[in-house]
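Q: Following this message is one structure expressed as structure tokens.
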Amino acid sequence: MSKTDPWRDSLIAIRLKIECVEAHGRMSPRDFTGMIDLEREQLHKTYQLCRYGFAFLTASLVPACIITVLTMFALLSDLRLFNQIAESRWSQWINTVCTWGSLVGVMLLWGRWDNKSWQRRCGFLLLLSVVDLVLWFLDRGDAQGPAELSWFRSNLGQALGWAEFALLASLSGDYLVHLGIEQAEDSARSTRFLAAIGAVVWLIKFCEWTDWEHGWPLRRRNPNMHSLLLFLGSELIWTITLLQVTALIIAALRQSNRTLGQMDREDHDLDSLGFPSESAKHDLFSTAKPQGLGPEL
């Protein structure tokens, strides 16, 4: 499906209906104003909920970026500092914030648009967030369980993380393009490509680090130089991808604020002038410049 703007399409439909009804004299200008206000109000609420969703995602990913950058620095400089950061309470607290904040943010984005591709990607991302929540509860469950399955659960969570990176980049990129930021499409594409590379490197690292001869539950074996390099490469790609995804989400949040501010100013100007004239209505219909929310799959 070609890229379309729901606001622009709805306004064009209203304009055609206005012209048709005006020709037959069956509706008053007051009714026209109500139709336009209803469409703008619905779109305004959609943008508001998207802004809240991206705000929750930002609040959950920014602390994760900070702890990840610190962890990467410690990994390259001092392994003891790396172990201290990984086992600190701050790391556990940030993991909690990231898990719950991402879940709430994705729930707010889910169902905001009728585009089937958007709904499908949001639904899959919501499913992955629920699995992350289940893993979070299991990690804080019985003391015997995590000791046996911690290696498998940690790697499962990281495997889901690569898919979540790709989905978040895709959704935020399409949303930014919808709001008129064309260059966001290239940024989202490069982020998804980097997430795919990271997933391949992680899979090789997981195979190298796992003691397959031991059986279930899977356990980590003693690393060699080759596996250590794979671990370092995987963590480096993870850090870069996380930063890029967070930058896209912050950009989506800021652009939502700008769009809502512009809509509020337009509504204030229209309210101060009363019912718009034919030229004002033409300006209103021509203000919708965003693109669509991505192609159908």
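Every chain in the structure tokens takes a letter, A first, then B, and so on in the order presented; its residues are numbered from 1, and the ligands are numbered from 1 following the presented order.
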Set the distance at 8 Å and use only C-alpha atoms: which residues neighbour A:Thr46 once local chain neighbours fewer than 4 positions away are removed? I'd like the list as an MDAnalysis selection string.
A: chainID A and resid 42 50 112:113
Q: Restricting the output to C-alpha atoms, write the selected residues as a CSV table (one decimal), in the first residue's frame.
A:
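Below you can see result.csv, which holds the result:
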chain,number,residue,atom,x,y,z
A,42,GLN,CA,-9.2,12.2,17.3
A,50,CYS,CA,2.0,8.2,20.9
A,112,ARG,CA,-2.9,3.8,17.7
A,113,TRP,CA,-3.1,3.5,13.9
Q: Find, counting only C-alpha atoms, the residue in A:Leu260, A:Ile204, A:Leu168, A:Ile250 that gets nearest to A:Ser234.
A: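 Nearest to A:Ser234: A:Ile204.
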Q: So, counting only C-alpha atoms, which residue among A:Phe124, A:Leu242, A:Thr68, A:Gln255 is closest to A:Leu179?
A: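 For A:Leu179, the nearest of the candidates is A:Gln255.
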Q: If I take atom CA of A:Gly215 and atom CA of A:Leu156, how far is one from the other in Å, to one decimal?
A: 16.8 Å
Q: Rounded to one decimal place, report the atom CA of A:Ile94-atom CA of A:Leu194 distance in Å.
A: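 One can read the atom CA of A:Ile94 to atom CA of A:Leu194 distance as 23.9 Å.
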Q: For A:Phe231, please output as a ChimeraX atom specification all residues within 9 Å (counting only C-alpha atoms; exclusion window: fewer than 3 positions along the same chain).
A: /A:201-202,205-206,209,226-228,234-236
Q: With only C-alpha atoms as the basis for distance, which of A:Thr246, A:Ser60, A:Ser77, A:Thr210 is at the shortest distance from A:Phe152?
A: A:Thr210
Q: If you run DSSP on the backbone, which residues of stretch 55-279 of chain A are strand (DSSP E), as a ChimeraX atom specification?
A: /A:210-211,219-220
Q: Report, in Å to a single decimal, how far apart atom CA of A:Ala169 and atom CA of A:Ser117 are.
A: 14.0 Å
Q: Going by DSSP on the backbone, which residues of stretch 46-290 of chain A come out as helix (DSSP H, G or I)? List them as number ranges by chain.
A: A: 46-77, 79-86, 89-109, 116-139, 144-178, 184-209, 212-214, 225-273, 278-285
Q: Could you tell me which of A:Gln158, A:Gln244, A:Gln119, A:Ser256 comes closest to A:Gly180 if we count only C-alpha atoms?
A: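 Closest residue, counting only C-alpha atoms: A:Ser256.
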Q: Excluding same-chain residues fewer than 4 positions from stretch 70-76 of chain A, what lies within 10 Å of it counting only C-alpha atoms, as a ChimeraX atom specification?
A: /A:64-66,80-86,91,232,235-236,238-239
Q: Give me the residues within 10 Å of A:Arg189 as an mmCIF file with C-alpha atoms, in the first residue's frame, counting only C-alpha atoms and dropping any in the same chain fewer than 3 places off.
A:
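Once written, out05.cif looks like this:
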data_model
loop_
_atom_site.group_PDB
_atom_site.id
_atom_site.type_symbol
_atom_site.label_atom_id
_atom_site.label_comp_id
_atom_site.auth_asym_id
_atom_site.auth_seq_id
_atom_site.Cartn_x
_atom_site.Cartn_y
_atom_site.Cartn_z
ATOM 1 C CA ALA A 166 14.747 -3.786 15.057
ATOM 2 C CA ALA A 169 13.725 1.339 15.091
ATOM 3 C CA SER A 170 11.132 0.430 12.459
ATOM 4 C CA GLY A 173 11.324 5.593 11.924
ATOM 5 C CA ALA A 184 14.513 9.066 9.650
ATOM 6 C CA GLU A 185 13.813 6.238 7.211
ATOM 7 C CA ASP A 186 17.529 5.848 6.402
ATOM 8 C CA ARG A 192 17.817 -2.511 11.766
ATOM 9 C CA PHE A 193 20.786 -3.671 9.677
ATOM 10 C CA LEU A 194 23.114 -3.218 12.654
ATOM 11 C CA ALA A 195 20.693 -5.153 14.868
#
Q: Do a neighbour search on A:Cys122 at 9 Å with only C-alpha atoms, toss out local chain neighbours closer than 2 positions, and write the hits as a list in words.
A: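 The residues that qualify are Val106, Met107, Leu109, Trp110, Gly111, Ser117, Trp118, Gln119, Arg120, Phe124, Leu125, Leu126, Leu127, Leu167, Leu168 and Leu171 of chain A.
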